[in-house]
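Shown below: work03.tsv, with TSV, C-alpha atoms and all ligand atoms.
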chain	number	residue	atom	x	y	z
A	1	MET	CA	-32.56	11.35	60.73
A	2	LEU	CA	-28.93	11.24	61.98
A	3	ALA	CA	-28.61	7.48	62.42
A	4	GLY	CA	-25.12	6.26	61.54
A	5	ARG	CA	-23.56	9.67	62.14
A	6	VAL	CA	-21.08	10.43	64.93
A	7	ALA	CA	-21.41	13.93	66.41
A	8	LEU	CA	-18.66	15.56	68.47
A	9	VAL	CA	-19.94	18.26	70.83
A	10	THR	CA	-17.43	20.42	72.72
A	11	GLY	CA	-18.62	22.03	75.92
A	12	GLY	CA	-21.02	19.09	76.11
A	13	GLY	CA	-20.89	19.09	79.89
A	14	SER	CA	-23.05	22.18	80.34
A	15	GLY	CA	-25.58	24.63	78.95
A	16	ILE	CA	-25.99	24.84	75.19
A	17	GLY	CA	-23.54	21.99	74.53
A	18	ARG	CA	-25.45	19.65	76.82
A	19	ALA	CA	-28.76	20.57	75.18
A	20	VAL	CA	-27.21	19.96	71.74
A	21	CYS	CA	-26.01	16.50	72.88
A	22	HIS	CA	-29.59	15.60	73.86
A	23	LEU	CA	-31.01	16.88	70.58
A	24	LEU	CA	-28.45	15.05	68.42
A	25	ALA	CA	-28.95	11.80	70.35
A	26	ARG	CA	-32.73	12.16	69.98
A	27	GLU	CA	-32.23	12.47	66.22
A	28	GLY	CA	-30.25	9.20	66.20
A	29	ALA	CA	-26.64	10.38	66.14
A	30	ALA	CA	-23.99	8.71	68.27
A	31	VAL	CA	-22.69	11.53	70.44
A	32	ALA	CA	-19.14	12.21	71.64
A	33	VAL	CA	-19.69	14.44	74.68
A	34	VAL	CA	-16.48	16.48	75.07
A	35	ASP	CA	-15.60	18.77	77.95
A	36	ILE	CA	-12.58	19.86	79.96
A	37	ASN	CA	-14.68	19.03	83.01
A	38	LYS	CA	-14.70	15.23	83.06
A	39	GLU	CA	-17.47	14.92	85.67
A	40	ALA	CA	-19.73	17.32	83.75
A	41	ALA	CA	-19.25	15.37	80.50
A	42	GLN	CA	-20.05	12.14	82.35
A	43	GLU	CA	-23.18	13.74	83.84
A	44	THR	CA	-24.40	14.58	80.34
A	45	LEU	CA	-23.59	11.06	79.14
A	46	ASP	CA	-25.51	9.52	82.05
A	47	ARG	CA	-28.69	11.21	80.78
A	48	LEU	CA	-28.25	10.00	77.18
A	49	PRO	CA	-29.31	6.65	75.75
A	50	LYS	CA	-26.73	3.86	75.29
A	51	GLY	CA	-24.18	4.08	72.46
A	52	ASN	CA	-22.71	7.47	73.29
A	53	HIS	CA	-19.38	8.29	74.97
A	54	ALA	CA	-17.88	11.04	77.14
A	55	PHE	CA	-14.36	12.44	76.66
A	56	CYS	CA	-12.23	14.84	78.65
A	57	ALA	CA	-10.27	17.25	76.42
A	58	ASP	CA	-8.99	20.80	76.39
A	59	VAL	CA	-9.97	22.38	73.07
A	60	SER	CA	-7.27	25.05	73.43
A	61	SER	CA	-4.50	22.40	73.26
A	62	SER	CA	-3.64	20.86	69.87
A	63	SER	CA	-2.19	17.72	71.48
A	64	SER	CA	-5.36	17.25	73.54
A	65	VAL	CA	-7.56	17.69	70.43
A	66	LYS	CA	-5.43	15.22	68.41
A	67	GLU	CA	-5.68	12.66	71.22
A	68	LEU	CA	-9.44	13.27	71.40
A	69	LEU	CA	-9.90	12.42	67.72
A	70	LYS	CA	-7.93	9.19	68.24
A	71	GLN	CA	-10.07	8.23	71.23
A	72	ILE	CA	-13.30	8.96	69.33
A	73	LYS	CA	-12.19	6.75	66.42
A	74	THR	CA	-11.36	3.94	68.82
A	75	SER	CA	-14.71	4.23	70.65
A	76	PHE	CA	-17.01	4.67	67.64
A	77	HIS	CA	-14.88	2.87	64.98
A	78	THR	CA	-15.30	5.91	62.75
A	79	VAL	CA	-14.68	9.65	62.82
A	80	PRO	CA	-17.22	12.40	63.51
A	81	SER	CA	-19.18	13.76	60.53
A	82	ILE	CA	-20.77	16.42	62.76
A	83	ALA	CA	-18.90	18.78	65.08
A	84	VAL	CA	-20.48	21.39	67.30
A	85	ASN	CA	-18.10	23.89	68.88
A	86	SER	CA	-19.84	25.01	72.06
A	87	ALA	CA	-16.90	25.05	74.51
A	88	GLY	CA	-16.36	28.60	75.65
A	89	ILE	CA	-15.46	30.79	78.57
A	90	THR	CA	-16.56	34.29	79.53
A	91	LYS	CA	-14.36	36.99	81.04
A	92	ASP	CA	-16.57	40.05	81.02
A	93	LYS	CA	-14.82	43.34	81.68
A	94	MET	CA	-14.74	46.85	80.28
A	95	MET	CA	-11.77	47.29	77.94
A	96	LEU	CA	-9.91	49.63	80.28
A	97	LYS	CA	-10.03	47.00	83.05
A	98	MET	CA	-9.37	43.90	80.92
A	99	ASP	CA	-6.08	42.20	81.80
A	100	GLU	CA	-3.96	40.52	79.14
A	101	GLU	CA	-4.18	37.07	80.70
A	102	SER	CA	-8.00	37.04	80.67
A	103	PHE	CA	-8.13	38.30	77.10
A	104	SER	CA	-5.64	35.63	75.96
A	105	LYS	CA	-7.55	32.87	77.74
A	106	VAL	CA	-10.77	33.78	75.95
A	107	ILE	CA	-8.94	33.83	72.60
A	108	ASP	CA	-7.33	30.45	73.37
A	109	VAL	CA	-10.56	28.65	74.22
A	110	ASN	CA	-13.22	30.43	72.16
A	111	ILE	CA	-11.23	31.14	69.01
A	112	LYS	CA	-8.18	28.85	68.91
A	113	GLY	CA	-10.22	25.99	70.39
A	114	THR	CA	-12.87	26.32	67.69
A	115	PHE	CA	-10.13	26.40	65.04
A	116	LEU	CA	-8.24	23.37	66.42
A	117	VAL	CA	-11.37	21.19	66.69
A	118	SER	CA	-12.69	22.28	63.27
A	119	GLN	CA	-9.29	21.61	61.66
A	120	ALA	CA	-8.85	18.19	63.30
A	121	VAL	CA	-12.40	17.09	62.43
A	122	SER	CA	-12.04	18.35	58.85
A	123	GLN	CA	-8.76	16.45	58.44
A	124	ALA	CA	-10.40	13.29	59.82
A	125	MET	CA	-13.43	13.66	57.54
A	126	LEU	CA	-11.21	14.18	54.47
A	127	ALA	CA	-9.11	11.13	55.37
A	128	GLU	CA	-12.28	9.02	55.62
A	129	LYS	CA	-13.77	10.60	52.45
A	130	ILE	CA	-16.84	11.81	54.35
A	131	SER	CA	-18.77	14.11	52.03
A	132	ASN	CA	-21.73	15.10	54.21
A	133	GLY	CA	-19.85	16.70	57.12
A	134	SER	CA	-21.19	19.59	59.18
A	135	ILE	CA	-19.34	21.93	61.53
A	136	ILE	CA	-21.45	24.25	63.68
A	137	ASN	CA	-19.91	27.06	65.74
A	138	ILE	CA	-21.84	28.57	68.65
A	139	SER	CA	-21.20	32.30	68.72
A	140	SER	CA	-22.79	35.27	70.46
A	141	ILE	CA	-25.27	37.96	69.54
A	142	VAL	CA	-22.79	40.32	71.21
A	143	GLY	CA	-20.68	39.86	68.07
A	144	LYS	CA	-23.36	41.76	66.20
A	145	VAL	CA	-24.85	43.99	68.85
A	146	TRP	CA	-22.57	45.92	71.19
A	147	TYR	CA	-23.09	45.23	74.89
A	148	PRO	CA	-21.31	47.01	77.77
A	149	GLY	CA	-18.67	44.93	79.56
A	150	LYS	CA	-18.42	42.33	76.79
A	151	CYS	CA	-15.07	43.68	75.62
A	152	CYS	CA	-13.58	40.31	74.57
A	153	VAL	CA	-16.58	39.14	72.58
A	154	THR	CA	-17.12	42.45	70.83
A	155	TRP	CA	-13.47	42.75	69.95
A	156	ILE	CA	-13.09	39.19	68.74
A	157	TYR	CA	-16.22	38.74	66.66
A	158	THR	CA	-16.64	42.13	65.01
A	159	ASP	CA	-14.76	45.04	63.56
A	160	THR	CA	-16.43	47.38	66.01
A	161	ASP	CA	-13.32	48.09	68.09
A	162	ASP	CA	-14.14	51.78	67.84
A	163	ARG	CA	-17.37	51.12	69.74
A	164	CYS	CA	-15.56	48.74	72.11
A	165	SER	CA	-12.89	51.23	73.02
A	166	ALA	CA	-15.58	53.86	73.49
A	167	GLN	CA	-17.05	51.86	76.38
A	168	LYS	CA	-17.31	53.78	79.60
A	169	CYS	CA	-15.18	52.54	82.48
A	170	ASP	CA	-17.40	51.16	85.26
B	201	LIG	N1	-25.63	30.93	77.22
B	201	LIG	C1	-25.69	32.09	76.59
B	201	LIG	O1	-26.62	32.91	76.79
B	201	LIG	C2	-24.67	32.44	75.54
B	201	LIG	C3	-24.78	33.64	74.88
B	201	LIG	C4	-23.84	33.97	73.93
B	201	LIG	C5	-22.81	33.09	73.61
B	201	LIG	N2	-22.71	31.93	74.28
B	201	LIG	C6	-21.59	31.05	73.91
B	201	LIG	O2	-22.08	29.75	73.69
B	201	LIG	C7	-21.13	28.79	74.15
B	201	LIG	C8	-21.78	27.87	75.18
B	201	LIG	O3	-22.36	28.66	76.20
B	201	LIG	P1	-23.00	28.01	77.50
B	201	LIG	O4	-23.93	29.00	78.09
B	201	LIG	O5	-23.49	26.64	77.16
B	201	LIG	O6	-21.69	27.93	78.42
B	201	LIG	P2	-21.39	26.95	79.67
B	201	LIG	O7	-20.40	27.67	80.51
B	201	LIG	O8	-22.65	26.46	80.28
B	201	LIG	O9	-20.69	25.71	78.95
B	201	LIG	C9	-19.41	25.81	78.40
B	201	LIG	C10	-18.73	24.47	78.59
B	201	LIG	O10	-17.45	24.56	77.96
B	201	LIG	C11	-16.52	23.85	78.76
B	201	LIG	N3	-15.17	24.31	78.49
B	201	LIG	C12	-14.59	25.48	78.91
B	201	LIG	N4	-13.33	25.54	78.52
B	201	LIG	C13	-13.09	24.40	77.82
B	201	LIG	C14	-11.94	23.88	77.17
B	201	LIG	N5	-10.77	24.54	77.15
B	201	LIG	N6	-12.04	22.67	76.55
B	201	LIG	C15	-13.20	21.98	76.57
B	201	LIG	N7	-14.31	22.42	77.19
B	201	LIG	C16	-14.26	23.61	77.80
B	201	LIG	C17	-16.96	24.14	80.19
B	201	LIG	O11	-16.43	23.20	81.12
B	201	LIG	C18	-18.47	24.11	80.06
B	201	LIG	O12	-18.98	22.82	80.34
B	201	LIG	C19	-19.98	29.58	74.76
B	201	LIG	O13	-18.96	29.71	73.79
B	201	LIG	C20	-20.59	30.93	75.05
B	201	LIG	O14	-19.64	31.96	74.99
B	201	LIG	C21	-23.61	31.59	75.23

Before we go any further, please render this structure as structure tokens.
Amino acid sequence: MLAGRVALVTGGGSGIGRAVCHLLAREGAAVAVVDINKEAAQETLDRLPKGNHAFCADVSSSSSVKELLKQIKTSFHTVPSIAVNSAGITKDKMMLKMDEESFSKVIDVNIKGTFLVSQAVSQAMLAEKISNGSIINISSIVGKVWYPGKCCVTWIYTDTDDRCSAQKCD
């Protein structure tokens, strides 16, 4: 079903991203397993059939993402027409105890990272005149349903900051 397509999966070294890599490869796509953890990406690759590649990249860095797209083109001789943004980090804390550095890190990886990869892949697809591209972002149910201690996620994904700031301090 996906034969001839190249799929880039961020966070491919673990959890949901790894499962997505397996699914896409099973459907015939050539998979670019991307993770900041090189060993984890390689571990995913080792369990995939031949024809896929692993890449180490930091989605929160534009230079790293640009370099990634170059490496993918060199390895697969084409650009991705599927991108799955699954790279993410969690810094769970009640709002009153959340430090600025943790909040910024979550924004950098989960939000800016998703933007940088989506932008770079979209630019590559446009340059190659790919008309059947797909970009899939993995989010969280906590964006829709408030959950105690998930200050970052609730704040980022929804306009429910009134509920977020009403969290009790643990
Ligand atoms: N698992 C869940 O129940 C759940 C629930 C809600 C939302 N999510 C979201 O789904 C996504 C995937 O979750 P998961 O459970 O598979 O997480 P995970 O921690 O198992 O995998 C995330 C992967 O992202 C990689 N990563 C982290 N920072 C990176 C960076 N800067 N650049 C590239 N790779 C980076 C990690 O090395 C890791 O391999 C995350 O964004 C998470 O917030 C997960």

What lies within 12 Å of segment 39-41 of chain A using all atoms listed in the file, ignoring chain neighbours under 5 positions off, as a VMD selection string? chain A and resid 9 to 15 17 to 18 21 31 to 34 46 to 48 52 to 57 87

Write out as a list in words which residues come within 12 Å of Arg5 of chain A when counting all atoms listed in the file, dropping same-chain ones fewer than 4 positions away. Met1, Leu24, Ala25, Glu27, Gly28, Ala29, Ala30, Val31, Ala32, Gly51, Asn52, Phe76, His77, Thr78, Val79, Pro80, Ser81, Ile82, Ala83, Met125, Ile130, Asn132, Gly133 and Ser134 of chain A

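The smallest atom-to-atom distance between Leu45 of chain A and any of A:Glu100, A:Ala127, A:His22, A:Ile107, using all atoms listed in the file, is found for A:His22.
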
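With only C-alpha atoms as the atoms that count, the residue of A:Gly4, A:Gly88, A:Pro49, A:Gly143 with the shortest distance to Gly113 of chain A is A:Gly88.
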
Distance atom C5 of ligand LIG 201 (chain B)-atom CA of Ile89 of chain A, one decimal place?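 Atom CA of Ile89 of chain A lies 9.2 Å from atom C5 of ligand LIG 201 (chain B).
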
Have segment 73-108 of chain A completed to N, CA and C atoms, please, and pass it along as a JSON list (two decimals), in the frame of the given file.
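Once written, rebuild15.json looks like this:
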[["chain", "number", "residue", "atom", "x", "y", "z"],
["A", 73, "LYS", "N", -12.25, 7.79, 67.46],
["A", 73, "LYS", "CA", -12.19, 6.75, 66.42],
["A", 73, "LYS", "C", -12.17, 5.36, 67.05],
["A", 74, "THR", "N", -11.43, 5.24, 68.14],
["A", 74, "THR", "CA", -11.36, 3.94, 68.82],
["A", 74, "THR", "C", -12.74, 3.57, 69.40],
["A", 75, "SER", "N", -13.43, 4.53, 69.99],
["A", 75, "SER", "CA", -14.71, 4.23, 70.65],
["A", 75, "SER", "C", -15.84, 3.98, 69.66],
["A", 76, "PHE", "N", -15.88, 4.76, 68.57],
["A", 76, "PHE", "CA", -17.01, 4.67, 67.64],
["A", 76, "PHE", "C", -16.66, 3.91, 66.35],
["A", 77, "HIS", "N", -15.38, 3.55, 66.18],
["A", 77, "HIS", "CA", -14.88, 2.87, 64.98],
["A", 77, "HIS", "C", -15.07, 3.71, 63.72],
["A", 78, "THR", "N", -15.27, 4.99, 63.89],
["A", 78, "THR", "CA", -15.30, 5.91, 62.75],
["A", 78, "THR", "C", -15.04, 7.33, 63.28],
["A", 79, "VAL", "N", -14.96, 8.27, 62.38],
["A", 79, "VAL", "CA", -14.68, 9.65, 62.82],
["A", 79, "VAL", "C", -15.97, 10.47, 62.81],
["A", 80, "PRO", "N", -15.99, 11.60, 63.49],
["A", 80, "PRO", "CA", -17.22, 12.40, 63.51],
["A", 80, "PRO", "C", -17.51, 13.01, 62.12],
["A", 81, "SER", "N", -18.78, 13.02, 61.75],
["A", 81, "SER", "CA", -19.18, 13.76, 60.53],
["A", 81, "SER", "C", -19.97, 15.00, 60.92],
["A", 82, "ILE", "N", -20.13, 15.20, 62.25],
["A", 82, "ILE", "CA", -20.77, 16.42, 62.76],
["A", 82, "ILE", "C", -19.89, 16.91, 63.91],
["A", 83, "ALA", "N", -19.60, 18.20, 63.93],
["A", 83, "ALA", "CA", -18.90, 18.78, 65.08],
["A", 83, "ALA", "C", -19.62, 20.06, 65.48],
["A", 84, "VAL", "N", -19.87, 20.17, 66.78],
["A", 84, "VAL", "CA", -20.48, 21.39, 67.30],
["A", 84, "VAL", "C", -19.51, 22.01, 68.30],
["A", 85, "ASN", "N", -19.03, 23.19, 68.00],
["A", 85, "ASN", "CA", -18.10, 23.89, 68.88],
["A", 85, "ASN", "C", -18.89, 24.77, 69.86],
["A", 86, "SER", "N", -19.09, 24.23, 71.06],
["A", 86, "SER", "CA", -19.84, 25.01, 72.06],
["A", 86, "SER", "C", -19.00, 25.32, 73.30],
["A", 87, "ALA", "N", -17.78, 24.76, 73.36],
["A", 87, "ALA", "CA", -16.90, 25.05, 74.51],
["A", 87, "ALA", "C", -16.56, 26.54, 74.48],
["A", 88, "GLY", "N", -16.69, 27.17, 75.61],
["A", 88, "GLY", "CA", -16.36, 28.60, 75.65],
["A", 88, "GLY", "C", -16.27, 29.08, 77.08],
["A", 89, "ILE", "N", -15.55, 30.17, 77.25],
["A", 89, "ILE", "CA", -15.46, 30.79, 78.57],
["A", 89, "ILE", "C", -15.81, 32.27, 78.42],
["A", 90, "THR", "N", -16.20, 32.87, 79.54],
["A", 90, "THR", "CA", -16.56, 34.29, 79.53],
["A", 90, "THR", "C", -15.70, 35.03, 80.55],
["A", 91, "LYS", "N", -15.11, 36.10, 80.12],
["A", 91, "LYS", "CA", -14.36, 36.99, 81.04],
["A", 91, "LYS", "C", -14.85, 38.40, 80.75],
["A", 92, "ASP", "N", -15.97, 38.74, 81.33],
["A", 92, "ASP", "CA", -16.57, 40.05, 81.02],
["A", 92, "ASP", "C", -15.90, 41.17, 81.80],
["A", 93, "LYS", "N", -15.41, 42.14, 81.06],
["A", 93, "LYS", "CA", -14.82, 43.34, 81.68],
["A", 93, "LYS", "C", -14.84, 44.47, 80.66],
["A", 94, "MET", "N", -14.91, 45.70, 81.17],
["A", 94, "MET", "CA", -14.74, 46.85, 80.28],
["A", 94, "MET", "C", -13.30, 46.84, 79.76],
["A", 95, "MET", "N", -13.10, 47.34, 78.56],
["A", 95, "MET", "CA", -11.77, 47.29, 77.94],
["A", 95, "MET", "C", -10.67, 47.87, 78.83],
["A", 96, "LEU", "N", -10.95, 48.99, 79.49],
["A", 96, "LEU", "CA", -9.91, 49.63, 80.28],
["A", 96, "LEU", "C", -9.50, 48.80, 81.49],
["A", 97, "LYS", "N", -10.36, 47.83, 81.88],
["A", 97, "LYS", "CA", -10.03, 47.00, 83.05],
["A", 97, "LYS", "C", -9.68, 45.56, 82.66],
["A", 98, "MET", "N", -9.66, 45.27, 81.36],
["A", 98, "MET", "CA", -9.37, 43.90, 80.92],
["A", 98, "MET", "C", -7.87, 43.63, 81.00],
["A", 99, "ASP", "N", -7.50, 42.54, 81.72],
["A", 99, "ASP", "CA", -6.08, 42.20, 81.80],
["A", 99, "ASP", "C", -5.71, 41.27, 80.65],
["A", 100, "GLU", "N", -4.44, 41.27, 80.31],
["A", 100, "GLU", "CA", -3.96, 40.52, 79.14],
["A", 100, "GLU", "C", -4.23, 39.02, 79.28],
["A", 101, "GLU", "N", -4.02, 38.51, 80.49],
["A", 101, "GLU", "CA", -4.18, 37.07, 80.70],
["A", 101, "GLU", "C", -5.62, 36.61, 80.41],
["A", 102, "SER", "N", -6.59, 37.39, 80.90],
["A", 102, "SER", "CA", -8.00, 37.04, 80.67],
["A", 102, "SER", "C", -8.32, 37.10, 79.19],
["A", 103, "PHE", "N", -7.86, 38.15, 78.54],
["A", 103, "PHE", "CA", -8.13, 38.30, 77.10],
["A", 103, "PHE", "C", -7.55, 37.11, 76.33],
["A", 104, "SER", "N", -6.30, 36.75, 76.65],
["A", 104, "SER", "CA", -5.64, 35.63, 75.96],
["A", 104, "SER", "C", -6.37, 34.31, 76.20],
["A", 105, "LYS", "N", -6.87, 34.13, 77.41],
["A", 105, "LYS", "CA", -7.55, 32.87, 77.74],
["A", 105, "LYS", "C", -8.82, 32.72, 76.90],
["A", 106, "VAL", "N", -9.54, 33.82, 76.76],
["A", 106, "VAL", "CA", -10.77, 33.78, 75.95],
["A", 106, "VAL", "C", -10.42, 33.47, 74.49],
["A", 107, "ILE", "N", -9.37, 34.10, 73.98],
["A", 107, "ILE", "CA", -8.94, 33.83, 72.60],
["A", 107, "ILE", "C", -8.56, 32.35, 72.46],
["A", 108, "ASP", "N", -7.81, 31.84, 73.43],
["A", 108, "ASP", "CA", -7.33, 30.45, 73.37],
["A", 108, "ASP", "C", -8.48, 29.44, 73.32]]
